[in-house]
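The structure appears below as structure tokens.
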Amino acid sequence: MSVSRVVRAGLIGSGIQASLTPAMHMREGAAQGLAYTYDKLDLDLLPDGAAALAPLLRQAEERGLDGLNITHPCKQTVIALLDEVDEDVQALGACNTVVLTSGRRVGRNTDWWGFAESFRRGLPDASLKHVVQMGAGGAGSAVAYALLSLGAGKVEVFDLDPARTRELVDRLASRFGEDRIVVGQDVAAAMAGADGLAQCTAVGMTKYPGTPLDVNLLQSRQWVAEVIYFPLETALLKAARERGCAVLDGGGMAVFQAVRAFDHFTGLTADAERMRAHFGELVAATA
């Protein structure tokens with residue numbers, strides 16, 4: 001009897017018990033004939049919290065894991081613990097995927113590609129001449145990078161933290177051009193001329209209800225894209241639909257970042273549509 005190839009992965013982060021990423025990886029692994037395990041390494045359940053990151057990386061190597069996904073609050077701090085990072089990690093200053101291979105830790109970022117792929121598929125005809133983006137945190141950094149990589153003419157970023165906003169804009173402007181990403185000043189004026197809105201804050205999540213801006217600023221000609229997927233239909237998306245906007249929920253980004261990470265961990269090509277279908281089942285089961 002043949003033995004399935006074993007693949008072992010894990011997720012390091014805070015408050016990750018509800019994450020759907022492990023289930024998506026293991027289901028796709030099983031579909032491809034792998035003996036795939038994926039552990040949740042929740043910092044909230046460890047006495048040292050975020051300080052446990054370095055020991056967890058060492059333990060993962062000792063246990064023979066093939067890779068790790070990294071989420072809040074370790075996407076930046078993990079970089080100093082890696083042997084190599086790709087150009088996306090360098091540009092974003094954030095790493096969400098660590099491939100453990102030949103005794104080396106290689107950092108990659110699949111978040112930005114996840115959003116980009118979701119956007120390409122979900123809003124293929126959307127104009128990117130002028131985009132308003134709410135949020136300059138980890139998700140915001142990945143989304144801005146994705147939008148600019150997709151050819152956005154101008155991304156105007158708004159965030160409650162001026163220093164964080166400036167840092168993001170300066171970092172990406174050095175790569176894409178100072179005229180293509182700017183710090184937003186007046187959200188009402190920006191929305192009046194924008195083609196679309198990218199929502200990258202935590203506002204709209206089940207534990208942070210509401211909308212990140214006045215929904216009366218939305219116009220039917222605009223598109224609205226979310227990064228939140230708990231719930232899939234945020235208050236912002238609901239309001240956008242009611243106003244006739246084209247919308248994109250956060251599920252696609254969640255799926256496609258996992259699709260690319262699966263590729264990195266296994267060396268195989270994930271079936272994206274199969275993973276999307278499974279994600280839909282998982283979301284329905286938790287609703």
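Residues are referred to by chain and number: the chain letter is A, B, ... according to the order shown in the structure tokens, the number counts from 1 in that chain, and ligands are numbered separately from 1 in the order shown.
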Sorted per-residue table, stretch 89-191 of chain A near stretch 198-201 of chain A, closest atoms and distance, 8 Å, only C-alpha atoms, as a Markdown table:
```
| residue | atom | partner | partner_atom | distance |
| --- | --- | --- | --- | --- |
| A:Val131 | CA | A:Ala198 | CA | 7.2 |
| A:Val132 | CA | A:Ala198 | CA | 6.3 |
| A:Gln133 | CA | A:Ala198 | CA | 4.7 |
| A:Met134 | CA | A:Gln199 | CA | 5.0 |
| A:Gly135 | CA | A:Thr201 | CA | 4.8 |
| A:Ala136 | CA | A:Cys200 | CA | 7.4 |
| A:Gly137 | CA | A:Thr201 | CA | 7.5 |
| A:Ala139 | CA | A:Cys200 | CA | 5.8 |
| A:Gly140 | CA | A:Cys200 | CA | 5.1 |
| A:Val143 | CA | A:Cys200 | CA | 7.6 |
```
Using only C-alpha atoms, please write the residues we just selected to a file, as a PDB file, in the first residue's frame.
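Result saved to result26.pdb:
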```pdb
ATOM      1  CA  VAL A 131      -9.065  54.686  -5.879  1.00  0.00           C
ATOM      2  CA  VAL A 132      -9.883  55.742  -2.333  1.00  0.00           C
ATOM      3  CA  GLN A 133      -8.491  53.350   0.272  1.00  0.00           C
ATOM      4  CA  MET A 134      -9.583  53.242   3.896  1.00  0.00           C
ATOM      5  CA  GLY A 135      -6.909  51.755   6.150  1.00  0.00           C
ATOM      6  CA  ALA A 136      -3.094  51.754   6.139  1.00  0.00           C
ATOM      7  CA  GLY A 137      -2.426  48.736   8.368  1.00  0.00           C
ATOM      8  CA  ALA A 139      -4.209  44.583   5.066  1.00  0.00           C
ATOM      9  CA  GLY A 140      -4.094  48.115   3.703  1.00  0.00           C
ATOM     10  CA  VAL A 143      -4.184  46.009  -0.922  1.00  0.00           C
TER      11      VAL A 143
END
```
Enumerate, in order of chain and increasing residue number, the residues of stretch 7-63 of chain A with an atom no farther than 9 Å from stretch 247-255 of chain A, each with its shortest atom pair and distance in Å to one decimal, counting only C-alpha atoms, as JSON lines.
```
{"residue": "A:Leu20", "atom": "CA", "partner": "A:Ala254", "partner_atom": "CA", "distance": 8.6}
{"residue": "A:Thr21", "atom": "CA", "partner": "A:Ala254", "partner_atom": "CA", "distance": 7.8}
{"residue": "A:Met24", "atom": "CA", "partner": "A:Val255", "partner_atom": "CA", "distance": 8.1}
```
Spatial neighbours of A:Ile12, 9 Å, only C-alpha atoms, chain gap at least 2 places, as a list in words: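 My list of contacting residues is Gly10, Ser14, Ile16, Asp39, Lys40, Leu41, Asp42, Leu43, Leu53, Leu56, Leu68, Asn69, Ile70, Thr71, His72 and Cys74 of chain A.
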DSSP on the backbone, then: every residue of stretch 40-225 of chain A marked alpha helix (DSSP H), written as an mmCIF file with N, CA and C atoms, in the first residue's frame.
```cif
data_model
loop_
_atom_site.group_PDB
_atom_site.id
_atom_site.type_symbol
_atom_site.label_atom_id
_atom_site.label_comp_id
_atom_site.auth_asym_id
_atom_site.auth_seq_id
_atom_site.Cartn_x
_atom_site.Cartn_y
_atom_site.Cartn_z
ATOM 1 N N LEU A 53 7.343 33.938 19.243
ATOM 2 C CA LEU A 53 7.526 33.785 17.802
ATOM 3 C C LEU A 53 8.828 33.068 17.455
ATOM 4 N N ALA A 54 9.945 33.535 17.984
ATOM 5 C CA ALA A 54 11.240 32.920 17.654
ATOM 6 C C ALA A 54 11.291 31.451 18.075
ATOM 7 N N PRO A 55 10.890 31.110 19.307
ATOM 8 C CA PRO A 55 10.869 29.686 19.683
ATOM 9 C C PRO A 55 9.939 28.850 18.802
ATOM 10 N N LEU A 56 8.803 29.415 18.397
ATOM 11 C CA LEU A 56 7.869 28.674 17.545
ATOM 12 C C LEU A 56 8.485 28.375 16.182
ATOM 13 N N LEU A 57 9.250 29.313 15.642
ATOM 14 C CA LEU A 57 9.933 29.071 14.371
ATOM 15 C C LEU A 57 10.947 27.932 14.516
ATOM 16 N N ARG A 58 11.706 27.957 15.601
ATOM 17 C CA ARG A 58 12.692 26.892 15.826
ATOM 18 C C ARG A 58 11.995 25.541 15.978
ATOM 19 N N GLN A 59 10.913 25.520 16.743
ATOM 20 C CA GLN A 59 10.185 24.271 16.946
ATOM 21 C C GLN A 59 9.602 23.746 15.635
ATOM 22 N N ALA A 60 9.124 24.665 14.786
ATOM 23 C CA ALA A 60 8.575 24.253 13.494
ATOM 24 C C ALA A 60 9.640 23.571 12.645
ATOM 25 N N GLU A 61 10.846 24.124 12.661
ATOM 26 C CA GLU A 61 11.947 23.511 11.916
ATOM 27 C C GLU A 61 12.301 22.146 12.502
ATOM 28 N N GLU A 62 12.367 22.073 13.827
ATOM 29 C CA GLU A 62 12.720 20.815 14.483
ATOM 30 C C GLU A 62 11.685 19.727 14.210
ATOM 31 N N GLU A 87 10.988 39.977 -3.065
ATOM 32 C CA GLU A 87 10.865 41.419 -3.291
ATOM 33 C C GLU A 87 9.538 41.972 -2.798
ATOM 34 N N ASP A 88 8.500 41.127 -2.757
ATOM 35 C CA ASP A 88 7.210 41.592 -2.264
ATOM 36 C C ASP A 88 7.281 41.899 -0.769
ATOM 37 N N VAL A 89 7.935 41.027 -0.017
ATOM 38 C CA VAL A 89 8.112 41.259 1.418
ATOM 39 C C VAL A 89 8.945 42.517 1.636
ATOM 40 N N GLN A 90 9.976 42.691 0.844
ATOM 41 C CA GLN A 90 10.816 43.878 0.968
ATOM 42 C C GLN A 90 10.002 45.146 0.736
ATOM 43 N N ALA A 91 9.160 45.132 -0.288
ATOM 44 C CA ALA A 91 8.372 46.319 -0.629
ATOM 45 C C ALA A 91 7.274 46.590 0.391
ATOM 46 N N LEU A 92 6.662 45.519 0.903
ATOM 47 C CA LEU A 92 5.542 45.664 1.827
ATOM 48 C C LEU A 92 5.975 45.818 3.276
ATOM 49 N N ASP A 111 -0.615 37.785 0.626
ATOM 50 C CA ASP A 111 -1.798 38.618 0.868
ATOM 51 C C ASP A 111 -2.103 39.527 -0.333
ATOM 52 N N TRP A 112 -1.071 40.198 -0.828
ATOM 53 C CA TRP A 112 -1.299 41.153 -1.915
ATOM 54 C C TRP A 112 -1.779 40.431 -3.169
ATOM 55 N N TRP A 113 -1.158 39.272 -3.461
ATOM 56 C CA TRP A 113 -1.563 38.510 -4.642
ATOM 57 C C TRP A 113 -2.985 38.003 -4.467
ATOM 58 N N GLY A 114 -3.338 37.621 -3.234
ATOM 59 C CA GLY A 114 -4.691 37.156 -2.962
ATOM 60 C C GLY A 114 -5.729 38.207 -3.290
ATOM 61 N N PHE A 115 -5.473 39.457 -2.887
ATOM 62 C CA PHE A 115 -6.410 40.525 -3.218
ATOM 63 C C PHE A 115 -6.414 40.792 -4.713
ATOM 64 N N ALA A 116 -5.233 40.842 -5.310
ATOM 65 C CA ALA A 116 -5.138 41.137 -6.743
ATOM 66 C C ALA A 116 -5.895 40.109 -7.577
ATOM 67 N N GLU A 117 -5.723 38.830 -7.252
ATOM 68 C CA GLU A 117 -6.393 37.771 -8.010
ATOM 69 C C GLU A 117 -7.904 37.833 -7.813
ATOM 70 N N SER A 118 -8.329 38.097 -6.575
ATOM 71 C CA SER A 118 -9.757 38.242 -6.298
ATOM 72 C C SER A 118 -10.340 39.409 -7.083
ATOM 73 N N PHE A 119 -9.605 40.514 -7.133
ATOM 74 C CA PHE A 119 -10.067 41.706 -7.846
ATOM 75 C C PHE A 119 -10.154 41.436 -9.344
ATOM 76 N N ARG A 120 -9.125 40.791 -9.880
ATOM 77 C CA ARG A 120 -9.119 40.485 -11.323
ATOM 78 C C ARG A 120 -10.330 39.650 -11.717
ATOM 79 N N ARG A 121 -10.667 38.699 -10.875
ATOM 80 C CA ARG A 121 -11.779 37.803 -11.184
ATOM 81 C C ARG A 121 -13.135 38.415 -10.858
ATOM 82 N N GLY A 122 -13.203 39.147 -9.759
ATOM 83 C CA GLY A 122 -14.494 39.648 -9.297
ATOM 84 C C GLY A 122 -14.922 40.976 -9.877
ATOM 85 N N GLY A 138 -1.799 46.419 8.077
ATOM 86 C CA GLY A 138 -1.251 45.290 7.334
ATOM 87 C C GLY A 138 -2.042 44.950 6.098
ATOM 88 N N ALA A 139 -3.368 44.874 6.235
ATOM 89 C CA ALA A 139 -4.209 44.583 5.066
ATOM 90 C C ALA A 139 -4.143 45.723 4.064
ATOM 91 N N GLY A 140 -4.143 46.953 4.581
ATOM 92 C CA GLY A 140 -4.094 48.115 3.703
ATOM 93 C C GLY A 140 -2.815 48.158 2.879
ATOM 94 N N SER A 141 -1.709 47.788 3.490
ATOM 95 C CA SER A 141 -0.436 47.765 2.782
ATOM 96 C C SER A 141 -0.489 46.779 1.620
ATOM 97 N N ALA A 142 -1.034 45.581 1.876
ATOM 98 C CA ALA A 142 -1.131 44.560 0.835
ATOM 99 C C ALA A 142 -2.068 44.990 -0.283
ATOM 100 N N VAL A 143 -3.196 45.597 0.085
ATOM 101 C CA VAL A 143 -4.184 46.009 -0.922
ATOM 102 C C VAL A 143 -3.648 47.152 -1.773
ATOM 103 N N ALA A 144 -2.999 48.128 -1.155
ATOM 104 C CA ALA A 144 -2.430 49.235 -1.928
ATOM 105 C C ALA A 144 -1.383 48.711 -2.916
ATOM 106 N N TYR A 145 -0.555 47.795 -2.462
ATOM 107 C CA TYR A 145 0.458 47.189 -3.321
ATOM 108 C C TYR A 145 -0.203 46.458 -4.486
ATOM 109 N N ALA A 146 -1.284 45.752 -4.179
ATOM 110 C CA ALA A 146 -2.008 45.022 -5.227
ATOM 111 C C ALA A 146 -2.624 45.979 -6.240
ATOM 112 N N LEU A 147 -3.283 47.020 -5.755
ATOM 113 C CA LEU A 147 -3.931 47.978 -6.651
ATOM 114 C C LEU A 147 -2.915 48.646 -7.581
ATOM 115 N N LEU A 148 -1.778 49.029 -7.019
ATOM 116 C CA LEU A 148 -0.745 49.664 -7.834
ATOM 117 C C LEU A 148 -0.151 48.670 -8.824
ATOM 118 N N SER A 149 -0.001 47.426 -8.403
ATOM 119 C CA SER A 149 0.512 46.386 -9.310
ATOM 120 C C SER A 149 -0.464 46.103 -10.439
ATOM 121 N N PRO A 162 -1.915 59.026 11.355
ATOM 122 C CA PRO A 162 -1.183 59.769 10.322
ATOM 123 C C PRO A 162 0.211 59.212 10.047
ATOM 124 N N ALA A 163 0.915 58.800 11.097
ATOM 125 C CA ALA A 163 2.278 58.303 10.907
ATOM 126 C C ALA A 163 2.271 57.006 10.101
ATOM 127 N N ARG A 164 1.322 56.137 10.401
ATOM 128 C CA ARG A 164 1.223 54.868 9.671
ATOM 129 C C ARG A 164 0.870 55.112 8.214
ATOM 130 N N THR A 165 -0.008 56.064 7.984
ATOM 131 C CA THR A 165 -0.401 56.392 6.614
ATOM 132 C C THR A 165 0.790 56.911 5.824
ATOM 133 N N ARG A 166 1.532 57.839 6.431
ATOM 134 C CA ARG A 166 2.692 58.427 5.761
ATOM 135 C C ARG A 166 3.749 57.364 5.467
ATOM 136 N N GLU A 167 3.969 56.455 6.408
ATOM 137 C CA GLU A 167 4.972 55.406 6.218
ATOM 138 C C GLU A 167 4.603 54.513 5.043
ATOM 139 N N LEU A 168 3.324 54.137 4.957
ATOM 140 C CA LEU A 168 2.866 53.291 3.851
ATOM 141 C C LEU A 168 3.020 54.013 2.521
ATOM 142 N N VAL A 169 2.562 55.236 2.468
ATOM 143 C CA VAL A 169 2.627 56.007 1.221
ATOM 144 C C VAL A 169 4.070 56.202 0.768
ATOM 145 N N ASP A 170 4.944 56.579 1.686
ATOM 146 C CA ASP A 170 6.340 56.805 1.316
ATOM 147 C C ASP A 170 6.995 55.522 0.805
ATOM 148 N N ARG A 171 6.699 54.389 1.469
ATOM 149 C CA ARG A 171 7.319 53.128 1.083
ATOM 150 C C ARG A 171 6.898 52.708 -0.320
ATOM 151 N N LEU A 172 5.598 52.812 -0.622
ATOM 152 C CA LEU A 172 5.124 52.373 -1.936
ATOM 153 C C LEU A 172 5.373 53.414 -3.026
ATOM 154 N N ALA A 173 5.436 54.695 -2.627
ATOM 155 C CA ALA A 173 5.732 55.731 -3.616
ATOM 156 C C ALA A 173 7.142 55.552 -4.175
ATOM 157 N N SER A 174 8.051 55.082 -3.354
ATOM 158 C CA SER A 174 9.429 54.880 -3.818
ATOM 159 C C SER A 174 9.501 53.778 -4.862
ATOM 160 N N ARG A 175 8.510 52.897 -4.863
ATOM 161 C CA ARG A 175 8.487 51.790 -5.827
ATOM 162 C C ARG A 175 7.631 52.100 -7.048
ATOM 163 N N PHE A 176 6.492 52.750 -6.813
ATOM 164 C CA PHE A 176 5.523 52.945 -7.902
ATOM 165 C C PHE A 176 5.425 54.387 -8.416
ATOM 166 N N VAL A 187 -11.921 63.086 2.737
ATOM 167 C CA VAL A 187 -12.521 61.869 2.193
ATOM 168 C C VAL A 187 -13.742 62.163 1.332
ATOM 169 N N ALA A 188 -14.521 63.185 1.677
ATOM 170 C CA ALA A 188 -15.698 63.520 0.879
ATOM 171 C C ALA A 188 -15.290 63.991 -0.513
ATOM 172 N N ALA A 189 -14.282 64.841 -0.573
ATOM 173 C CA ALA A 189 -13.802 65.336 -1.864
ATOM 174 C C ALA A 189 -13.181 64.204 -2.675
ATOM 175 N N ALA A 190 -12.457 63.331 -2.007
ATOM 176 C CA ALA A 190 -11.827 62.211 -2.703
ATOM 177 C C ALA A 190 -12.880 61.279 -3.287
ATOM 178 N N MET A 191 -13.909 60.967 -2.511
ATOM 179 C CA MET A 191 -14.958 60.064 -2.980
ATOM 180 C C MET A 191 -15.747 60.663 -4.132
ATOM 181 N N ALA A 192 -15.864 61.955 -4.168
ATOM 182 C CA ALA A 192 -16.622 62.611 -5.236
ATOM 183 C C ALA A 192 -16.029 62.310 -6.604
ATOM 184 N N GLY A 193 -14.699 62.134 -6.651
ATOM 185 C CA GLY A 193 -14.057 61.889 -7.942
ATOM 186 C C GLY A 193 -13.490 60.500 -8.112
#
```
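Taking only C-alpha atoms into account, A:Lys129 lies nearest to A:Gln222 out of the set A:Thr211, A:Asn96, A:Asn216, A:Gln222.
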Mind pulling up the distance from atom CA of A:Ala284 to atom CA of A:Arg8? 26.7 Å
Provide the atom CA of A:Ala52 to atom CA of A:Arg260 distance in Å, to one decimal place.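 Between atom CA of A:Ala52 and atom CA of A:Arg260 the gap works out to 26.1 Å.
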What is the atom CA of A:Arg5 to atom CA of A:His25 distance in Å?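 We find that atom CA of A:Arg5 and atom CA of A:His25 lie 14.5 Å from each other.
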Mind listing the strand (DSSP E or B) residues of stretch 22-245 of chain A, per DSSP on the backbone, as a PDB file with C-alpha atoms, in the first residue's frame?
```pdb
ATOM      1  CA  LEU A  34      -1.417  14.428   0.454  1.00  0.00           C
ATOM      2  CA  ALA A  35      -1.327  13.602   4.140  1.00  0.00           C
ATOM      3  CA  TYR A  36      -1.622  17.294   5.030  1.00  0.00           C
ATOM      4  CA  THR A  37      -1.661  18.609   8.599  1.00  0.00           C
ATOM      5  CA  TYR A  38      -1.997  22.260   9.538  1.00  0.00           C
ATOM      6  CA  ASP A  39      -1.661  23.409  13.150  1.00  0.00           C
ATOM      7  CA  LYS A  40      -2.960  26.587  14.780  1.00  0.00           C
ATOM      8  CA  LEU A  41      -0.242  28.113  16.967  1.00  0.00           C
ATOM      9  CA  ASP A  42      -2.277  30.729  18.816  1.00  0.00           C
ATOM     10  CA  GLY A  67       5.919  26.138   6.067  1.00  0.00           C
ATOM     11  CA  LEU A  68       4.090  28.611   8.256  1.00  0.00           C
ATOM     12  CA  ASN A  69       1.529  31.281   7.658  1.00  0.00           C
ATOM     13  CA  ILE A  70       2.044  34.364   9.797  1.00  0.00           C
ATOM     14  CA  GLU A  84      15.712  35.325   2.899  1.00  0.00           C
ATOM     15  CA  VAL A  85      12.710  37.375   1.751  1.00  0.00           C
ATOM     16  CA  THR A  97       4.162  33.057   4.512  1.00  0.00           C
ATOM     17  CA  VAL A  98       7.404  31.379   5.571  1.00  0.00           C
ATOM     18  CA  VAL A  99       8.668  28.435   3.537  1.00  0.00           C
ATOM     19  CA  LEU A 100      10.961  26.125   5.510  1.00  0.00           C
ATOM     20  CA  THR A 101      13.303  24.437   3.055  1.00  0.00           C
ATOM     21  CA  ARG A 104      16.444  28.005   5.500  1.00  0.00           C
ATOM     22  CA  ARG A 105      13.510  30.270   6.287  1.00  0.00           C
ATOM     23  CA  VAL A 106      12.230  32.022   3.173  1.00  0.00           C
ATOM     24  CA  GLY A 107       9.684  34.818   3.602  1.00  0.00           C
ATOM     25  CA  ARG A 108       6.953  35.544   1.076  1.00  0.00           C
ATOM     26  CA  VAL A 131      -9.065  54.686  -5.879  1.00  0.00           C
ATOM     27  CA  VAL A 132      -9.883  55.742  -2.333  1.00  0.00           C
ATOM     28  CA  GLN A 133      -8.491  53.350   0.272  1.00  0.00           C
ATOM     29  CA  MET A 134      -9.583  53.242   3.896  1.00  0.00           C
ATOM     30  CA  VAL A 155      -4.500  55.490  -4.675  1.00  0.00           C
ATOM     31  CA  GLU A 156      -5.547  57.976  -1.984  1.00  0.00           C
ATOM     32  CA  VAL A 157      -5.060  56.484   1.493  1.00  0.00           C
ATOM     33  CA  PHE A 158      -6.972  57.422   4.641  1.00  0.00           C
ATOM     34  CA  ILE A 181      -0.129  56.906  -4.030  1.00  0.00           C
ATOM     35  CA  VAL A 182      -0.845  59.837  -1.733  1.00  0.00           C
ATOM     36  CA  VAL A 183      -2.033  60.613   1.787  1.00  0.00           C
ATOM     37  CA  GLY A 196     -13.792  52.892  -6.413  1.00  0.00           C
ATOM     38  CA  LEU A 197     -13.294  52.293  -2.719  1.00  0.00           C
ATOM     39  CA  ALA A 198     -11.030  49.689  -1.085  1.00  0.00           C
ATOM     40  CA  GLN A 199     -12.013  49.047   2.540  1.00  0.00           C
ATOM     41  CA  TRP A 223     -17.061  49.797  -7.090  1.00  0.00           C
ATOM     42  CA  VAL A 224     -16.476  48.817  -3.464  1.00  0.00           C
ATOM     43  CA  ALA A 225     -14.033  46.098  -2.348  1.00  0.00           C
ATOM     44  CA  GLU A 226     -13.777  44.667   1.183  1.00  0.00           C
TER      45      GLU A 226
END
```
My list of candidates is A:Leu160, A:Met26, A:Ala94, A:Ala51. Which is closest to A:Val259 when distances are computed with only C-alpha atoms?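 Selected residue with least distance to A:Val259: A:Met26.
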Within 12 Å of A:Glu242, counting only C-alpha atoms, which residues show up once you throw out same-chain ones fewer than 6 positions away? Write them as a ChimeraX atom specification, please. /A:215-216,218-220,224,235-236
